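Student: Have a look at this one.
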Amino acid sequence: MKITYMGAGSTVFARNILGDCMATDALRDCEIALYDIDGQRLQQSEVIINAINEGLGGRAKIRGYLGVENRKDALRGANFVVNTIQVGLYDPCTIIDFEVPKKYGLRQTIADTLGIGGIMRGLRTIPVMADFARDMEEVCRDAWFLNYTNPMSILTGFMQRYTGVKTVGLCHSVQGCSYWLFKHLGMEDMLDGRRELIAGINHMGWLLEICDKDGADLYPEIKRRIAELTEKHHDMVRYDYVKRLGYYCTESSEHNAEYNPWYIKARYPELIERYNIPLDEYPRRCVEQIAGWAKEYDELSVSAKAAPHSRSNEYASYIMEALVTGEPYKIGGNVLNGGLIENLPLEACVEVPCMVDNYGVNPCRVGNLPIQLAAMNMTHVNVHLLAIEAAVTQKKEHIYHAAMLDPHTAAELSLDDICAMVDELIEAHGDWLPRYT
């Protein structure tokens, strides 16, 4: 079995996903192909992944592949391809995504999924993923493509609609959603045996149902405990969703603060403190993660010691295990809608329960979302579909349209400023973007 990892220099995911595979009986004798275009990051990754392999018995065979010229060899014969690339890196492109909008008065927290930052990240990543797809169709036609790269819905939706590659998008916000909610609200005693239904879109999936082991609805207790909170905390935006929309959301409050027109507003700067919103959060994380990865590499290079690893709750290894063994496993996966959620467009990329076994990734029909939740999701789907349209047609007008329909951008800027900001972002990206007509 061969697992190819695209973007091996990814700091967090490479350790967890590949460590999980090497800790799984059905996968541990695999060949692992590490692919990256950055030689230093690839070398660091090889050292760390080999150390984890050594700590787990040294049964995997690990090989690095550097540069576009070696990409087909990295992919050749793969059963699974895991994607965690970051096109344009933190420096320069993530910095550009934050600093150019800031000149126009548009502030962001994460900027990797929606908003102008998410749009630009999607536009510079789709051409690279299209290249991956062409190579996969040639050298590993039957492989599953497990996408972790954001913007999840834009990239996964592109792969599912415009390539022949078997693709599922994965995020760790689903499996941690109710767990961390219960931990924060002091409801740990209700974790065991709980039953839940989560559906919507990536980073805005909705905890539609949550019951205890006996089937009793836990939402009344959740809402009661949220209403009693008086201290400022890390999850104030999502708790405000519960108050105003009636349901809890999968992704964090720092993400959701920029997914709507309500919380980050130049006219009401006091909202930032009121809802405890960490502006410019993602650049801070990038700096910390890059430093942490380099420190771990330095330590392992000197000591040459084995690195411990325990299997995480990331979906990738469990999906591979289910596809290989046929033992069913349930995930929250990002798939093409096609009527799974009836009040969202057929071509939307949605996040729904999926059963995985040796027949593949099988999504489950959800039906209609509560109308206010479908409406919230549609504000994102509009942007997703227009960003994909811009990438496929290479018409700049659709980049304008995507930015114009982003809820946070539209709430803060005039149409003239939106178009000027888009033009400046395109110019600043230079060769990281294709030429748009």
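Identifiers for the structure tokens are assigned positionally: chains receive A, B, ... in sequence, residues are indexed from 1 per chain, and ligands are indexed from 1 in the order shown.
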Could you pull out the strand (DSSP E or B) residues of segment 153-369 of chain A from DSSP and send them as a ChimeraX atom specification?
Tutor: /A:166-169,195-201,204-211,217,249,329-336,341,349-357,360-363,367
Student: Go ahead and write the residues just picked, N, CA and C atoms, as a short mmCIF file (atom, residue, chain, number, x, y, z; two decimals), in the first residue's frame.
Tutor:
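So out_38.cif came out as:
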```cif
data_model
loop_
_atom_site.label_atom_id
_atom_site.label_comp_id
_atom_site.auth_asym_id
_atom_site.auth_seq_id
_atom_site.Cartn_x
_atom_site.Cartn_y
_atom_site.Cartn_z
N LYS A 166 -11.42 10.68 -7.17
CA LYS A 166 -12.30 10.38 -6.03
C LYS A 166 -11.84 11.23 -4.84
N THR A 167 -12.66 12.18 -4.44
CA THR A 167 -12.24 13.20 -3.47
C THR A 167 -13.22 13.30 -2.31
N VAL A 168 -12.68 13.40 -1.10
CA VAL A 168 -13.48 13.76 0.07
C VAL A 168 -12.68 14.80 0.85
N GLY A 169 -13.38 15.81 1.34
CA GLY A 169 -12.75 16.85 2.13
C GLY A 169 -12.90 16.56 3.61
N ARG A 195 -25.54 11.02 21.30
CA ARG A 195 -25.86 10.86 19.88
C ARG A 195 -26.08 12.23 19.27
N GLU A 196 -25.55 12.40 18.05
CA GLU A 196 -25.61 13.73 17.45
C GLU A 196 -25.79 13.63 15.95
N LEU A 197 -26.31 14.70 15.38
CA LEU A 197 -26.40 14.85 13.93
C LEU A 197 -25.82 16.21 13.59
N ILE A 198 -24.80 16.20 12.74
CA ILE A 198 -24.15 17.43 12.30
C ILE A 198 -24.20 17.49 10.77
N ALA A 199 -24.65 18.62 10.23
CA ALA A 199 -24.68 18.79 8.78
C ALA A 199 -24.71 20.28 8.45
N GLY A 200 -24.25 20.59 7.26
CA GLY A 200 -24.20 21.98 6.78
C GLY A 200 -23.10 22.08 5.76
N ILE A 201 -22.17 23.01 5.97
CA ILE A 201 -21.00 23.15 5.12
C ILE A 201 -19.78 23.20 6.02
N MET A 204 -19.09 25.61 8.94
CA MET A 204 -20.40 26.05 9.39
C MET A 204 -21.37 24.88 9.28
N GLY A 205 -20.92 23.73 9.83
CA GLY A 205 -21.83 22.63 10.04
C GLY A 205 -22.61 22.90 11.31
N TRP A 206 -23.81 22.38 11.40
CA TRP A 206 -24.69 22.69 12.52
C TRP A 206 -24.93 21.45 13.37
N LEU A 207 -24.84 21.63 14.67
CA LEU A 207 -25.20 20.56 15.60
C LEU A 207 -26.73 20.53 15.65
N LEU A 208 -27.31 19.78 14.72
CA LEU A 208 -28.76 19.79 14.53
C LEU A 208 -29.48 19.04 15.64
N GLU A 209 -28.89 17.94 16.09
CA GLU A 209 -29.48 17.13 17.16
C GLU A 209 -28.38 16.69 18.10
N ILE A 210 -28.66 16.72 19.40
CA ILE A 210 -27.72 16.23 20.40
C ILE A 210 -28.52 15.62 21.55
N CYS A 211 -28.35 14.32 21.75
CA CYS A 211 -29.13 13.59 22.75
C CYS A 211 -28.19 12.80 23.66
N ASP A 217 -33.23 14.92 24.63
CA ASP A 217 -32.68 16.10 23.97
C ASP A 217 -31.85 16.91 24.96
N CYS A 249 -22.50 25.65 16.22
CA CYS A 249 -21.78 25.51 14.95
C CYS A 249 -20.46 24.77 15.16
N TYR A 329 -16.85 2.83 9.14
CA TYR A 329 -16.50 3.94 10.03
C TYR A 329 -17.29 5.16 9.58
N LYS A 330 -17.82 5.91 10.54
CA LYS A 330 -18.62 7.08 10.24
C LYS A 330 -17.78 8.34 10.37
N ILE A 331 -17.88 9.22 9.38
CA ILE A 331 -17.17 10.49 9.42
C ILE A 331 -18.14 11.63 9.10
N GLY A 332 -17.69 12.84 9.30
CA GLY A 332 -18.33 14.01 8.72
C GLY A 332 -17.48 14.42 7.54
N GLY A 333 -17.96 14.19 6.31
CA GLY A 333 -17.16 14.43 5.13
C GLY A 333 -17.71 15.53 4.26
N ASN A 334 -16.82 16.16 3.51
CA ASN A 334 -17.21 17.20 2.56
C ASN A 334 -17.34 16.58 1.18
N VAL A 335 -18.57 16.60 0.67
CA VAL A 335 -18.91 15.91 -0.58
C VAL A 335 -19.81 16.81 -1.42
N LEU A 336 -19.95 16.44 -2.69
CA LEU A 336 -20.86 17.18 -3.55
C LEU A 336 -22.30 16.94 -3.11
N ILE A 341 -28.55 17.71 1.12
CA ILE A 341 -29.22 18.78 1.86
C ILE A 341 -30.12 19.49 0.86
N CYS A 349 -20.68 22.16 -2.18
CA CYS A 349 -19.92 21.18 -1.40
C CYS A 349 -20.45 21.25 0.04
N VAL A 350 -21.00 20.15 0.52
CA VAL A 350 -21.63 20.14 1.84
C VAL A 350 -20.90 19.18 2.77
N GLU A 351 -21.08 19.39 4.06
CA GLU A 351 -20.47 18.53 5.08
C GLU A 351 -21.59 17.74 5.76
N VAL A 352 -21.59 16.42 5.54
CA VAL A 352 -22.67 15.57 6.03
C VAL A 352 -22.09 14.28 6.58
N PRO A 353 -22.87 13.53 7.38
CA PRO A 353 -22.41 12.21 7.82
C PRO A 353 -22.16 11.30 6.62
N CYS A 354 -21.07 10.54 6.67
CA CYS A 354 -20.73 9.59 5.61
C CYS A 354 -20.31 8.28 6.27
N MET A 355 -20.76 7.18 5.70
CA MET A 355 -20.30 5.86 6.12
C MET A 355 -19.21 5.40 5.15
N VAL A 356 -18.08 4.98 5.72
CA VAL A 356 -16.94 4.55 4.91
C VAL A 356 -16.73 3.05 5.11
N ASP A 357 -16.59 2.33 4.01
CA ASP A 357 -16.23 0.91 4.05
C ASP A 357 -15.53 0.58 2.74
N GLY A 360 -16.43 2.42 -0.47
CA GLY A 360 -16.13 3.82 -0.68
C GLY A 360 -16.65 4.71 0.43
N VAL A 361 -16.72 6.01 0.13
CA VAL A 361 -17.24 7.01 1.06
C VAL A 361 -18.69 7.28 0.65
N ASN A 362 -19.62 6.91 1.50
CA ASN A 362 -21.04 6.91 1.16
C ASN A 362 -21.78 7.96 1.98
N PRO A 363 -22.07 9.12 1.38
CA PRO A 363 -22.74 10.19 2.14
C PRO A 363 -24.19 9.87 2.44
N GLY A 367 -31.79 15.88 4.23
CA GLY A 367 -33.06 16.56 4.03
C GLY A 367 -32.89 18.06 4.12
#
```
Student: Which polymer residues have any atom within 6 Å of an atom of segment 407-410 of chain A, counting only C-alpha atoms, with same-chain residues fewer than 3 positions away left out, as a PyMOL selection string?
Tutor: chain A and resi 260-261+404+413
Student: For the residues in the current selection, export C-alpha atoms as an mmCIF file, in the first residue's frame.
Tutor:
```cif
data_model
loop_
_atom_site.group_PDB
_atom_site.id
_atom_site.type_symbol
_atom_site.label_atom_id
_atom_site.label_comp_id
_atom_site.auth_asym_id
_atom_site.auth_seq_id
_atom_site.Cartn_x
_atom_site.Cartn_y
_atom_site.Cartn_z
ATOM 1 C CA ASN A 260 -20.918 37.079 8.745
ATOM 2 C CA PRO A 261 -21.550 40.851 8.866
ATOM 3 C CA MET A 404 -19.035 41.458 -3.393
ATOM 4 C CA LEU A 413 -16.715 48.211 2.017
#
```
Student: Please report the interatomic distance between atom CA of Met236 of chain A and atom CA of His384 of chain A in Å with one decimal.
Tutor: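 Result for atom CA of Met236 of chain A versus atom CA of His384 of chain A: 26.0 Å, one decimal.
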Student: Taking the DSSP secondary structure from the backbone, can you list the residues of segment 148-323 of chain A that are alpha helix (DSSP H), as a ChimeraX atom specification?
Tutor: /A:152-162,177-184,219-228,236-245,253-256,270-274,281-303,315-323
Student: Can you tell me, as a PyMOL selection string, what residues are no more than 9 Å from Ile388 of chain A when counting only C-alpha atoms, ignoring any on the same chain fewer than 5 positions away?
Tutor: chain A and resi 122-123+126+154-155+157-158+383+393+398
Student: Which distance in Å separates atom CA of Gly176 of chain A and atom CA of Asp20 of chain A, to one decimal?
Tutor: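 Computed distance, atom CA of Gly176 of chain A to atom CA of Asp20 of chain A, equals 17.1 Å.
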Student: Which residues come within 9 Å of segment 74-86 of chain A, counting only C-alpha atoms, excluding same-chain residues fewer than 3 positions away, as a PyMOL selection string?
Tutor: chain A and resi 1-10+13-14+17+31+33-36+63-66+70-71+89-90+121+125+129+132+135-136+138-150+316+320
Student: Write out as a ChimeraX atom specification the residues lying within 12 Å of Leu271 of chain A, counting only C-alpha atoms and excluding same-chain residues fewer than 6 positions away.
Tutor: /A:236-237,257,261-265,277-279
Student: Next, write the just-selected residues to a file, as a PDB file, in the first residue's frame, keeping N, CA, C and O atoms as the atom set.
Tutor:
```
ATOM      1  N   MET A 236     -17.455  32.975  22.385  1.00  0.00           N
ATOM      2  CA  MET A 236     -18.616  33.839  22.544  1.00  0.00           C
ATOM      3  C   MET A 236     -19.425  34.001  21.259  1.00  0.00           C
ATOM      4  O   MET A 236     -20.647  34.181  21.300  1.00  0.00           O
ATOM      5  N   VAL A 237     -18.787  33.933  20.114  1.00  0.00           N
ATOM      6  CA  VAL A 237     -19.527  34.071  18.855  1.00  0.00           C
ATOM      7  C   VAL A 237     -20.449  32.870  18.650  1.00  0.00           C
ATOM      8  O   VAL A 237     -21.632  33.026  18.336  1.00  0.00           O
ATOM      9  N   ALA A 257     -16.292  34.516  13.595  1.00  0.00           N
ATOM     10  CA  ALA A 257     -16.381  35.966  13.751  1.00  0.00           C
ATOM     11  C   ALA A 257     -16.295  36.688  12.412  1.00  0.00           C
ATOM     12  O   ALA A 257     -16.863  37.772  12.244  1.00  0.00           O
ATOM     13  N   PRO A 261     -21.732  39.396   8.795  1.00  0.00           N
ATOM     14  CA  PRO A 261     -21.550  40.851   8.866  1.00  0.00           C
ATOM     15  C   PRO A 261     -21.702  41.451  10.261  1.00  0.00           C
ATOM     16  O   PRO A 261     -21.796  42.669  10.376  1.00  0.00           O
ATOM     17  N   TRP A 262     -21.691  40.654  11.323  1.00  0.00           N
ATOM     18  CA  TRP A 262     -22.189  41.122  12.609  1.00  0.00           C
ATOM     19  C   TRP A 262     -21.145  41.503  13.652  1.00  0.00           C
ATOM     20  O   TRP A 262     -21.432  42.323  14.517  1.00  0.00           O
ATOM     21  N   TYR A 263     -19.976  40.907  13.647  1.00  0.00           N
ATOM     22  CA  TYR A 263     -19.089  40.995  14.813  1.00  0.00           C
ATOM     23  C   TYR A 263     -17.837  41.842  14.600  1.00  0.00           C
ATOM     24  O   TYR A 263     -17.338  42.432  15.553  1.00  0.00           O
ATOM     25  N   ILE A 264     -17.306  41.880  13.387  1.00  0.00           N
ATOM     26  CA  ILE A 264     -16.113  42.694  13.114  1.00  0.00           C
ATOM     27  C   ILE A 264     -16.568  43.870  12.269  1.00  0.00           C
ATOM     28  O   ILE A 264     -16.755  43.763  11.056  1.00  0.00           O
ATOM     29  N   LYS A 265     -16.764  45.015  12.918  1.00  0.00           N
ATOM     30  CA  LYS A 265     -17.335  46.175  12.244  1.00  0.00           C
ATOM     31  C   LYS A 265     -16.565  47.421  12.667  1.00  0.00           C
ATOM     32  O   LYS A 265     -16.479  47.735  13.858  1.00  0.00           O
ATOM     33  N   ILE A 277     -12.746  38.728  20.208  1.00  0.00           N
ATOM     34  CA  ILE A 277     -12.360  38.319  18.858  1.00  0.00           C
ATOM     35  C   ILE A 277     -10.874  38.589  18.630  1.00  0.00           C
ATOM     36  O   ILE A 277     -10.425  39.728  18.749  1.00  0.00           O
ATOM     37  N   PRO A 278     -10.090  37.565  18.270  1.00  0.00           N
ATOM     38  CA  PRO A 278      -8.646  37.743  18.060  1.00  0.00           C
ATOM     39  C   PRO A 278      -8.325  38.134  16.616  1.00  0.00           C
ATOM     40  O   PRO A 278      -8.066  37.280  15.761  1.00  0.00           O
ATOM     41  N   LEU A 279      -8.311  39.414  16.321  1.00  0.00           N
ATOM     42  CA  LEU A 279      -7.950  39.867  14.983  1.00  0.00           C
ATOM     43  C   LEU A 279      -6.520  39.442  14.652  1.00  0.00           C
ATOM     44  O   LEU A 279      -5.663  39.351  15.533  1.00  0.00           O
TER      45      LEU A 279
END
```
